[in-house]
Every structure is written in C-alpha cells, then in structure tokens.
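Novice: Before anything else, here's the structure in question.
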Amino acid sequence: MRGLNGAGKDRTLLTGAKPEVPRRSLRPLLGLKPYVLKHPGMLVLAGVALLIAALAMLTLPLAVRRVIDFGFSGSDAAFINRYFSMLMLIGLVLAVASAARFYFVNWIGERVVADLRADVFRHLSQLGPDFYETTHSGEVASRLTADTTQIKAAAGTAISQALRSAIMLVGALAMMIVTSPGLSFLVLIAIPVIVLPLIAYGRLVRRRSRRAQDTLAEASALAVENLTAVRTMQAFTNERFVSDRFAKAVERAFDAARSGLQARAGLTAMTIFLVFASIVGVLWYGADAVVRGEITGGRLSQFVLYAVFAAAALAQLSEVWGEVSQAAGAAERIAELLAVKPQIRTPDRPVPLPEPARGEISFRHVSFRYPSRDESALTDVSFDVASGETVAIVGPSGAGKSTVFNLLLRFYDPEAGEIRVDGVPIGQADLVQLRKRMALVPQEVALFADTVAENIRYGSPHASREEVERAARLAQAHEFITALPQGYDTQLGERGVSLSGGQRQRIDIARAILRNAPILLLDEATSALDAESEVAVQKALEEVMRGRTTLVIAHRLATIQKADRILVFDGGRIIEEGSHAGLIRQGGLYARLADLQFAGEAAQ
C-alpha cells in the first residue's frame with residue numbers, strides 16, 4: 001500500500017466533485033513499483049524470456065537473407081536444409097520463450113492486483129463512518145474491482161508488450177542501419193511523423209478513458225444502492241423508474257467509452273497508414289537499388305523484414321500506450337482512495353488498557369457534532385458506569401442515545417470533553433484493543449451472505465462449533481437454526497433476507513454473546529422480536545449481562561425496568577437520572593414516556 005498511498009492528495013473523485021487540474025502523465029503507475037519488486041525472481045524469469053523471444057525474432061531476417069543470397073543462387077539443397085532446420089529451431093525457441101513470457105508476466109500481473117486489492121480493502125476497512133457518509137459504496141466497489149482489473153492489464157500484458165515492442169523496435173532499427181544505412185535514413189525520417197501523433201493521441205485517450213471510468217463508477221453506485229434496497233424499491237413500485245435511471249447512466253458510460261474508442265481508433269488508423277506508407281516508400285526505393293545492383297535481393301529482404309518488425313513494434317506501442325494510459329487513470333483513482341487518511345486511528349504510543357478488564361466507563365463534559373450536520377448531537381454530557389453495572393439510555397428520537405455508542409466505540413472523537421474506559425482516555429488507547437472490550441448488538445442487524453455458523457462466529461472468528469452453538473442457545477436461536485435446511489451450515493442470502501427480523505436479531509445477539517466482551521452495548525436489541533421471543537431473549541440477555549458492564553438503548557421501557565440506573569436524554573443532554581421507580585415519581589419526561597407506552601400497551 002505504501003507504493004500508491006500518497007500519490008493522490010484529495011478525494012474529489014470519491015465525493016462527486018471534479019478535480020481542479022487533470023493530470024496527464026503515467027506517473028501514477030510508478031506506485032505499482034513496490035508491488036512488482038516484491039517478486040524479483042519472477043521479474044528476472046520474465047525478463048529473460050522476453051529477451052530470448054525478441055532475439056529469436058531478430059535472427060529470422062538474417063537466416064532469410066542467407067537463404068535467398070546463397071541457398072537459391074547455388075542450388076545447394078544441403079545448405080537450404082540446414083537453414084530451414086535452423087529456422088525450425090529458432091521457431092521452437094521463440095515459441096517456448098513466448099509461452100514462458102506470457103506465463104511469468106501474467107503471473108506478475110495477477111499477483112500485483114491481488115496484493116493491491118487486499119491492501120485497498122484493508123485500507124477501506126480502517127476508514128471511519130465519516131468517509132462512508134460522503135462516499136457512494138458503488139464508487140468504492142468500482143475502485144476495488146474495475147480499476148484494479150484495468151491495472152492488471154498494465155502490470156501484466158501491456159507492460160510486457162511495451163517492453164517487447166521497445167526491444168524489437170530498437171533491435172530492428174539497429175539491424176536496419178547495419179543492413180542499409182541509406183534505406184534506414186528514409187525510415188528514420190518517418191519515425192517522428194508517427195511518434196508525435198502517438199504522444200498527442202495518448203493524452204487524449206487517457207482523458208477520455210478517465211471520463212469513461214468516472215461515468216461507469218456512477219452507474220455502478222446507482223445499481224448497488226438500489227439493489228441493496230430492492231425491497232424498498234419494489235414496495236414503492238419504482239422498478240421502472242430506477243431501471244430508466246440506470247439505463248441513462250449506462251448510456252452516459254457508453255458514450256464516454258465510445259469517445260475513448262474513437263480516439264484509439266483514430267490513433268490506430270493514422271499509425272497504420274503512416275507505417276504502411278513508409279514501408280511502401282522504402283520498398284520502392286529498395287527495389288530500384290536492387291535493379292541498379294547496389295544491394296542484393298537477400299539484403300533487401302532482410303531490411304524489409306526488419307522494417308516490418310520495427311513497424312509492427314511501433315504499431316503495438318501505439319495500442320499499448322492506450323492501455324497503459326487507461327491503467328494510469330485507474331492507478332490515479334486508487335491512489336486518491338489510498339490517500340484518504342482515517343480520522344480515527346491508534347496513537348503512535350498508545351496507553352495500554354489495564355488487565356484484567358474492569359469494564360468501567362466515564363464520560364466527562366462530552367460535546368459532539370456530526371461532520372455532516374449543523375446541530376450538536378451531545379452537549380456537556382457527563383456520567384459514569386461502574387464495573388458490572390447496567391445502565392439504560394432512553395429518550396425521544398434524535399436525543400443523542402446512539403451517539404453515546406458511536407463515541408464509546410470511537411467511531412468519532414468528541415469535540416470537547418473526555419471519555420475513559422477502565423481509567424484510560426480512549427483517544428490514547430489502542431483502537432483494536434479498545435473495541436475488543438465491547439460487544440455491540442446494533443439496531444440494524446448486519447448479516448452476511450455466509451452460513452449461519454460463520455455469521456455467529458463473526459463475533460469471535462476462532463471460536464469452536466460448540467461455542468457457536470452455546471451462544472445460539474443463550475440467544476434463543478438454536479431451535480430455529482436447527483430447523484433450517486442445513487442447520488448451522490445453511491447459507492444465508494445477502495443481509496440475511498431469508499430470515500425474519502426476529503431471527504436475524506437473535507443471530508446478532510448470539511454473535512455478541514460469543515464475543516464475550518466485558519462491556520455489552522445493546523441498541524434496541526429486542527426491537528424486532530415478537531412478544532414471546534422478546535421474553536425469551538430478555539431472559540438470555542439477563543444471564544449474559546450478569547457480571548458485565550451493560551449499556552442499553554431502549555424505546556420499550558418495559559425492557560429496562562430492572563436496570564441499575566436510567567439516563568434520560570433530550571436534545572443531546574442528560575435531563576434525568578435514576579431508577580425506573582424513582583423517575584416515575586419525579587413525573588418528568590421519563591414518566592410521560594412511560595405513561596404513553598404502558599397506556600398504549602394496555603389498550604392493545
């Protein structure tokens with residue numbers, strides 16, 4: 001990741017803005033250097049195979065010349081047989097070397113992209129919620145897949161072809177000069193005429209390629225957003241509307257890609273015509289020289305073959321230049337992604353958290369405002385939670401309840417004040433070790449397209465099957481899991497869509513139980529359960545909460561009546577604090593909320 005990281009200095013393309021000054025060099029590809037140099041052995045093998053293949057090709061015109069000048073003129077059958085046998089051997093060497101080059105070079109390309117994708121995902125996993133609040137998930141997916149695939153073409157085939165073509169071009173030009181300086185002079189005059197348009201068109205191709213990648217990423221983002229919310233889309237009968245929007249986005253991507261293809265096609269046509277015209281001109285002059293007796297037919301044939309090799313190499317370079325330009329655009333975008341620094345990270349010298357963990361929590365005059373909002377989420381909030389204590393947090397929507405969890409997990413840092421866990425300011429602690437002390441059951445359940453067992457094991461990746469099943473039993477999930485077609489090995493659809501809301505929530509609770517952390521964070525942990533399941537899970541949670549520090553966010557006040565303390569939030573402040581009975585006697589906001597809920601439940 002060090003190679004590409006830092007090559008970009010902004011994230012404009014990830015947030016929808018346009019860069020101020022488009023860069024037009026191939027410099028972003030230099031960021032791949034550390035990835036390529038990690039495999040020196042394969043590089044050497046690829047280079048040797050590349051050189052042997054090029055040299056084998058460059059020997060062919062010499063053999064052809066000798067056959068024409070000496071074999072045919074002397075009618076020496078043995079001479080001809082020896083040379084054609086040698087040509088067969090050269091062909092074998094060329095075939096083996098070309099196959100080896102193909103394998104080694106493409107191995108390097110695949111390896112580089114695999115390492116790059118792993119580094120990009122590792123980097124993405126460390127970016128906080130602030131990044132994903134302003135970045136489309138489809139845009140990120142496009143960077144991780146489409147752009148890295150484009151780079152694979154450059155790191156593998158394109159660069160190999162460019163090197164091969166460069167060797168062939170230099171070697172063919174050198175042999176052309178040795179063969180006939182006069183004819184070579186004519187060819188050298190034509191080279192600038194071919195190369196200058198190549199450079200100009202290469203810049204145009206790169207700009208249009210970048211635009212095509214941008215528009216494709218926009219279309220991907222639209223598709224991902226709507227397909228992840230397919231139920232909402234279908235519930236509102238927006239299939240036609242969304243499909244039309246995606247079709248328009250795809251059409252814009254097609255127009256951008258077509259523009260790039262037109263540029264590359266124009267470059268190819270111009271290059272081929274100029275090369276062809278140059279070859280015809282050289283042949284014309286050479287044929288006249290043969291007639292005058294200035295050179296032999298074999299020497300002319302040798303020169304023509306080298307000229308063809310040089311022209312083919314130049315044409316190949318024109319094609320490769322377009323591919324490398326596209327890859328440079330992709331590398332630039334990935335560099336921009338890698339240049340985004342996580343706002344929340346472990347300090348250089350973290351303060352160790354005490355062992356064994358106590359589970360103590362302290363908020364001291366904490367104030368916080370989300371980056372994307374104007375109003376404060378928390379204002380001067382202070383409270384302490386002792387080891388093993390259960391504290392409930394209640395209040396109307398937008399009161400700041402979930403923000404407490406976000407700050408405690410250090411998804412964000414407070415603007416003012418301090419938060420401590422086990423006496424250590426969390427901003428000074430190792431981020432991984434801090435979060436390992438907490439188990440979260442969020443309101444929005446996050447399940448993955450994997451087996452039930454692996455979804456539970458997400459809480460502790462190295463847990464045994466017995467530990468997984470024990471956690472499921474405690475979460476009252478074992479019974480419905482075993483009723484699934486393959487039990488714990490049943491594959492869940494994306495986001496666990498094949499399960500009911502209550503089943504998904506119980507798997508999430510099992511995951512938190514398996515984590516076995518000293519601090520338990522329950523954010524509406526029973527909100528999706530029916531009454532019968534809620535009672536069962538509540539009993540399981542009470543067992544799990546015993547001996548652990550627990551923070552509970554709840555709208556259903558009936559589920560928190562046994563909490564040691566209840567903090568009542570409103571407008572980002574703590575306005576009441578006490579036990580359930582004590583708060584009812586105070587007759588404040590909590591009492592009013594309780595009256596509304598219990599009266600409504602009684603009416604039902």
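Just so we're on the same page: first chain in the structure tokens is A, next is B, and so on; residues restart at 1 for each chain, and ligands are numbered from 1 in the order they show up.
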Quick one: pick out all strand (DSSP E) residues within stretch 420-516 of chain A from a backbone DSSP run and write them as a VMD selection string.

Specialist: chain A and resid 420 to 421 424 to 425 438 to 441

Novice: Just all heavy atoms for this one: save the residues we selected as a PDB file, in the first residue's frame.

Specialist:
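Output (result_14.pdb):
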```pdb
ATOM      1  N   ARG A 420     -13.406   7.834  29.060  1.00  0.00           N
ATOM      2  CA  ARG A 420     -12.441   6.877  29.575  1.00  0.00           C
ATOM      3  C   ARG A 420     -13.062   5.485  29.674  1.00  0.00           C
ATOM      4  O   ARG A 420     -14.253   5.357  29.993  1.00  0.00           O
ATOM      5  CB  ARG A 420     -11.932   7.297  30.960  1.00  0.00           C
ATOM      6  CG  ARG A 420     -11.044   8.537  30.940  1.00  0.00           C
ATOM      7  CD  ARG A 420     -10.665   8.969  32.353  1.00  0.00           C
ATOM      8  NE  ARG A 420      -9.747  10.098  32.335  1.00  0.00           N
ATOM      9  CZ  ARG A 420      -8.428   9.999  32.511  1.00  0.00           C
ATOM     10  NH1 ARG A 420      -7.887   8.799  32.737  1.00  0.00           N
ATOM     11  NH2 ARG A 420      -7.652  11.062  32.474  1.00  0.00           N
ATOM     12  N   VAL A 421     -12.253   4.487  29.407  1.00  0.00           N
ATOM     13  CA  VAL A 421     -12.627   3.089  29.645  1.00  0.00           C
ATOM     14  C   VAL A 421     -11.558   2.488  30.539  1.00  0.00           C
ATOM     15  O   VAL A 421     -10.365   2.528  30.193  1.00  0.00           O
ATOM     16  CB  VAL A 421     -12.744   2.303  28.324  1.00  0.00           C
ATOM     17  CG1 VAL A 421     -12.861   0.808  28.597  1.00  0.00           C
ATOM     18  CG2 VAL A 421     -13.936   2.784  27.520  1.00  0.00           C
ATOM     19  N   VAL A 424      -8.583   4.784  31.265  1.00  0.00           N
ATOM     20  CA  VAL A 424      -7.698   5.250  30.193  1.00  0.00           C
ATOM     21  C   VAL A 424      -8.499   6.072  29.182  1.00  0.00           C
ATOM     22  O   VAL A 424      -9.541   5.599  28.703  1.00  0.00           O
ATOM     23  CB  VAL A 424      -7.030   4.060  29.470  1.00  0.00           C
ATOM     24  CG1 VAL A 424      -6.186   4.540  28.292  1.00  0.00           C
ATOM     25  CG2 VAL A 424      -6.174   3.263  30.442  1.00  0.00           C
ATOM     26  N   PRO A 425      -8.062   7.293  28.859  1.00  0.00           N
ATOM     27  CA  PRO A 425      -8.752   8.053  27.802  1.00  0.00           C
ATOM     28  C   PRO A 425      -8.735   7.250  26.505  1.00  0.00           C
ATOM     29  O   PRO A 425      -7.676   6.808  26.051  1.00  0.00           O
ATOM     30  CB  PRO A 425      -7.916   9.331  27.687  1.00  0.00           C
ATOM     31  CG  PRO A 425      -7.221   9.460  29.002  1.00  0.00           C
ATOM     32  CD  PRO A 425      -6.951   8.070  29.462  1.00  0.00           C
ATOM     33  N   MET A 438     -15.607  -4.525  23.889  1.00  0.00           N
ATOM     34  CA  MET A 438     -17.031  -4.234  23.743  1.00  0.00           C
ATOM     35  C   MET A 438     -17.677  -5.193  22.754  1.00  0.00           C
ATOM     36  O   MET A 438     -17.057  -5.618  21.786  1.00  0.00           O
ATOM     37  CB  MET A 438     -17.237  -2.792  23.245  1.00  0.00           C
ATOM     38  CG  MET A 438     -16.566  -1.746  24.102  1.00  0.00           C
ATOM     39  SD  MET A 438     -16.766  -0.076  23.453  1.00  0.00           S
ATOM     40  CE  MET A 438     -15.416   0.756  24.294  1.00  0.00           C
ATOM     41  N   ALA A 439     -18.920  -5.538  23.045  1.00  0.00           N
ATOM     42  CA  ALA A 439     -19.737  -6.330  22.126  1.00  0.00           C
ATOM     43  C   ALA A 439     -20.995  -5.535  21.847  1.00  0.00           C
ATOM     44  O   ALA A 439     -21.688  -5.093  22.776  1.00  0.00           O
ATOM     45  CB  ALA A 439     -20.080  -7.688  22.728  1.00  0.00           C
ATOM     46  N   LEU A 440     -21.286  -5.341  20.567  1.00  0.00           N
ATOM     47  CA  LEU A 440     -22.395  -4.476  20.157  1.00  0.00           C
ATOM     48  C   LEU A 440     -23.502  -5.297  19.515  1.00  0.00           C
ATOM     49  O   LEU A 440     -23.242  -6.141  18.649  1.00  0.00           O
ATOM     50  CB  LEU A 440     -21.887  -3.425  19.160  1.00  0.00           C
ATOM     51  CG  LEU A 440     -22.949  -2.572  18.462  1.00  0.00           C
ATOM     52  CD1 LEU A 440     -23.634  -1.644  19.463  1.00  0.00           C
ATOM     53  CD2 LEU A 440     -22.335  -1.768  17.325  1.00  0.00           C
ATOM     54  N   VAL A 441     -24.724  -5.034  19.927  1.00  0.00           N
ATOM     55  CA  VAL A 441     -25.903  -5.540  19.231  1.00  0.00           C
ATOM     56  C   VAL A 441     -26.621  -4.314  18.677  1.00  0.00           C
ATOM     57  O   VAL A 441     -27.325  -3.615  19.397  1.00  0.00           O
ATOM     58  CB  VAL A 441     -26.834  -6.334  20.166  1.00  0.00           C
ATOM     59  CG1 VAL A 441     -28.053  -6.829  19.390  1.00  0.00           C
ATOM     60  CG2 VAL A 441     -26.093  -7.506  20.784  1.00  0.00           C
TER      61      VAL A 441
END
```

Novice: Can you list, as number ranges by chain, every protein, DNA or RNA residue that comes within 9 Å of stretch 371-381 of chain A when you count only C-alpha atoms, leaving out same-chain residues fewer than 6 positions away?

Specialist: A: 130, 133-134, 363-365, 398-401, 403-404, 414, 416-417, 571-574

Novice: So, with only C-alpha atoms as the atoms that count, which of A:Arg27, A:Arg410, A:Arg369, A:Arg66 lies closest to A:Gly128?

Specialist: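 Looking at the shortest contact to A:Gly128, the residue is A:Arg410.
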
Novice: For stretch 43-51 of chain A, find every residue with an atom within 10 Å (counting only C-alpha atoms), except residues of its own chain fewer than 6 positions away, and show them as a list in words.

Specialist: Val36, Leu37, Met57, Val93, Leu94, Val96, Ala97, Ser98, Ala99, Ala100, Arg101, Phe102, Tyr103, Phe104, Val105, Asn106, Trp107, Ile108, Ser160, Gln161, Leu163, Arg164, Ile167 and Met168 of chain A

Novice: Using only C-alpha atoms, find the one residue out of A:Leu261, A:Val113, A:Ala95, A:Ala249 that sits nearest to A:Leu144.

Specialist: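 Smallest distance to A:Leu144 is found for A:Val113.
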
Novice: Provide the atom CA of A:Glu418 to atom CA of A:His555 distance in Å, to one decimal place.

Specialist: 26.9 Å

Novice: Give me the residues near A:Gln316 as a list in words, where near means some atom within 10 Å (using only C-alpha atoms) and where sequence neighbours in that chain fewer than 4 positions away do not count.

Specialist: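 Once the nearby chain positions are removed, what remains is Ala158, Gln161, Ala162, Arg164, Ser165, Ala166, Thr268, Thr271, Ala310, Ala311, Ala312, Val320 and Trp321 of chain A.
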
Novice: Using only N, CA, C and O atoms, please write the residues we just selected to a file, as a compact mmCIF listing (two decimals), in the first residue's frame.

Specialist:
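In the end it all went to again12.txt:
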```txt
# COMPACT_ATOMS: atom_id res chain seq x y z
N ALA A 158 0.21 -5.47 -20.82
CA ALA A 158 0.54 -4.22 -21.52
C ALA A 158 2.01 -3.85 -21.35
O ALA A 158 2.70 -3.52 -22.33
N GLN A 161 4.16 -6.25 -23.28
CA GLN A 161 4.13 -5.97 -24.72
C GLN A 161 4.90 -4.70 -25.04
O GLN A 161 5.57 -4.62 -26.08
N ALA A 162 4.81 -3.73 -24.15
CA ALA A 162 5.56 -2.49 -24.38
C ALA A 162 7.06 -2.75 -24.36
O ALA A 162 7.80 -2.25 -25.23
N ARG A 164 8.58 -5.64 -24.89
CA ARG A 164 8.92 -6.47 -26.05
C ARG A 164 8.98 -5.61 -27.31
O ARG A 164 9.90 -5.74 -28.13
N SER A 165 7.97 -4.76 -27.46
CA SER A 165 7.93 -3.90 -28.65
C SER A 165 9.10 -2.93 -28.67
O SER A 165 9.67 -2.64 -29.73
N ALA A 166 9.48 -2.42 -27.49
CA ALA A 166 10.61 -1.49 -27.42
C ALA A 166 11.91 -2.19 -27.82
O ALA A 166 12.73 -1.64 -28.56
N THR A 268 -5.01 4.43 -34.12
CA THR A 268 -4.61 3.20 -34.82
C THR A 268 -4.59 3.41 -36.33
O THR A 268 -3.65 3.00 -37.03
N THR A 271 -1.65 5.61 -37.38
CA THR A 271 -0.37 4.91 -37.24
C THR A 271 -0.19 3.89 -38.36
O THR A 271 0.89 3.81 -38.98
N ALA A 310 10.01 -3.41 -37.07
CA ALA A 310 10.00 -2.10 -36.43
C ALA A 310 8.62 -1.46 -36.52
O ALA A 310 8.13 -0.88 -35.54
N ALA A 311 8.00 -1.60 -37.68
CA ALA A 311 6.67 -1.02 -37.85
C ALA A 311 5.66 -1.71 -36.95
O ALA A 311 4.80 -1.06 -36.32
N ALA A 312 5.74 -3.05 -36.89
CA ALA A 312 4.82 -3.79 -36.03
C ALA A 312 5.03 -3.42 -34.57
O ALA A 312 4.07 -3.26 -33.80
N VAL A 320 -0.53 -0.35 -27.02
CA VAL A 320 -0.19 -0.49 -25.61
C VAL A 320 -0.25 0.85 -24.90
O VAL A 320 -0.66 0.94 -23.74
N TRP A 321 0.13 1.90 -25.60
CA TRP A 321 0.09 3.24 -24.98
C TRP A 321 -1.32 3.58 -24.51
O TRP A 321 -1.50 4.13 -23.43
```

Novice: Quick one: residues within 12 Å of stretch 280-296 of chain A, only C-alpha atoms, excluding same-chain residues fewer than 5 positions away - as JSON, numbers by chain?

Specialist: {"A": [65, 66, 68, 69, 70, 73, 176, 179, 180, 181, 182, 183, 184, 185, 186, 187, 188, 189, 190, 273, 274, 275, 301, 302, 303, 304, 305, 306, 307, 308, 311]}

Novice: Using Å and a single decimal, report how far atom CA of A:Leu337 sits from atom CA of A:Glu444.

Specialist: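 Computing the Euclidean distance for atom CA of A:Glu444 and atom CA of A:Leu337 yields 27.3 Å.
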
Novice: Pick from A:Val452, A:Ala335, A:Ile575, A:Ile344: nearest to A:Gln503, with only C-alpha atoms counted?

Specialist: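 The closest residue to A:Gln503 is A:Val452.
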
Novice: With stretch 510-525 of chain A as the partner and 12 Å as the cut-off, tabulate the residues of stretch 340-450 of chain A that qualify, each row holding the nearest pair of atoms and their distance in Å to one decimal, using only C-alpha atoms, sorted by chain and rising number, as a Markdown table.

Specialist:
```
| residue | atom | partner | partner_atom | distance |
| --- | --- | --- | --- | --- |
| A:Glu355 | CA | A:Pro518 | CA | 11.4 |
| A:Pro356 | CA | A:Pro518 | CA | 9.7 |
| A:Ala357 | CA | A:Pro518 | CA | 6.8 |
| A:Arg358 | CA | A:Pro518 | CA | 7.1 |
| A:Gly359 | CA | A:Pro518 | CA | 5.5 |
| A:Glu360 | CA | A:Ile519 | CA | 8.4 |
| A:Ile361 | CA | A:Ile519 | CA | 9.0 |
| A:Val385 | CA | A:Ile519 | CA | 10.4 |
| A:Ala386 | CA | A:Ile519 | CA | 10.8 |
| A:Ser387 | CA | A:Pro518 | CA | 8.7 |
| A:Gly388 | CA | A:Pro518 | CA | 8.3 |
| A:Glu389 | CA | A:Ile519 | CA | 9.8 |
| A:Thr390 | CA | A:Leu520 | CA | 9.2 |
| A:Val391 | CA | A:Leu521 | CA | 10.0 |
| A:Ala392 | CA | A:Leu522 | CA | 9.2 |
| A:Ile393 | CA | A:Asp523 | CA | 9.4 |
| A:Val394 | CA | A:Glu524 | CA | 10.3 |
| A:Lys401 | CA | A:Asp523 | CA | 8.9 |
| A:Ser402 | CA | A:Asp523 | CA | 7.4 |
| A:Thr403 | CA | A:Asp523 | CA | 10.9 |
| A:Val404 | CA | A:Leu521 | CA | 10.3 |
| A:Phe405 | CA | A:Leu521 | CA | 7.4 |
| A:Asn406 | CA | A:Leu521 | CA | 10.6 |
| A:Leu408 | CA | A:Leu521 | CA | 9.7 |
| A:Leu409 | CA | A:Leu521 | CA | 9.7 |
| A:Val421 | CA | A:Ile519 | CA | 9.7 |
| A:Asp422 | CA | A:Ile519 | CA | 10.7 |
| A:Gln433 | CA | A:Ala517 | CA | 11.0 |
| A:Leu434 | CA | A:Ile519 | CA | 10.4 |
| A:Arg435 | CA | A:Ala517 | CA | 9.2 |
| A:Lys436 | CA | A:Ala517 | CA | 6.8 |
| A:Arg437 | CA | A:Ala517 | CA | 5.0 |
| A:Met438 | CA | A:Ile519 | CA | 4.6 |
| A:Ala439 | CA | A:Leu520 | CA | 5.0 |
| A:Leu440 | CA | A:Leu521 | CA | 4.7 |
| A:Val441 | CA | A:Leu522 | CA | 5.0 |
| A:Pro442 | CA | A:Asp523 | CA | 4.9 |
| A:Gln443 | CA | A:Asp523 | CA | 5.2 |
| A:Glu444 | CA | A:Asp523 | CA | 8.8 |
| A:Val445 | CA | A:Ala525 | CA | 9.3 |
| A:Ala446 | CA | A:Arg511 | CA | 10.7 |
| A:Leu447 | CA | A:Arg511 | CA | 10.3 |
```

Novice: Between atom CA of A:Leu60 and atom CA of A:Leu317, what is the spacing in Å?

Specialist: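 Distance between the two atoms: 21.4 Å.
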
Novice: Identify all residues of stretch 196-378 of chain A in helix (DSSP H, G or I) (DSSP on the backbone) and supply them as a VMD selection string.

Specialist: chain A and resid 196 to 228 230 to 235 239 to 291 297 to 339

Novice: Tell me, as a list in words, which residues lie within 12 Å of stretch 232-246 of chain A, counting only C-alpha atoms; anything in the same chain fewer than 5 positions away does not count.

Specialist: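 These residues fall inside the cut-off: Thr215, Leu216, Ala217, Glu218, Ala219, Ser220, Ala221, Leu222, Ala223, Val224, Glu225, Asn226, Leu227, Glu251, Arg252 and Ala253 of chain A.
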
Novice: Excluding same-chain residues fewer than 5 positions from stretch 85-91 of chain A, what lies within 12 Å of it counting only C-alpha atoms, as a list in words?

Specialist: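 Neighbouring residues, sequence-local ones excluded: Ile52, Ala53, Ala54, Leu55, Ala56, Met57, Leu58, Thr59, Leu60, Pro61, Leu62, Ala63, Val64, Arg66, Val67, Ala78, Phe79, Ile80, Val96, Ala97 and Ser98 of chain A.
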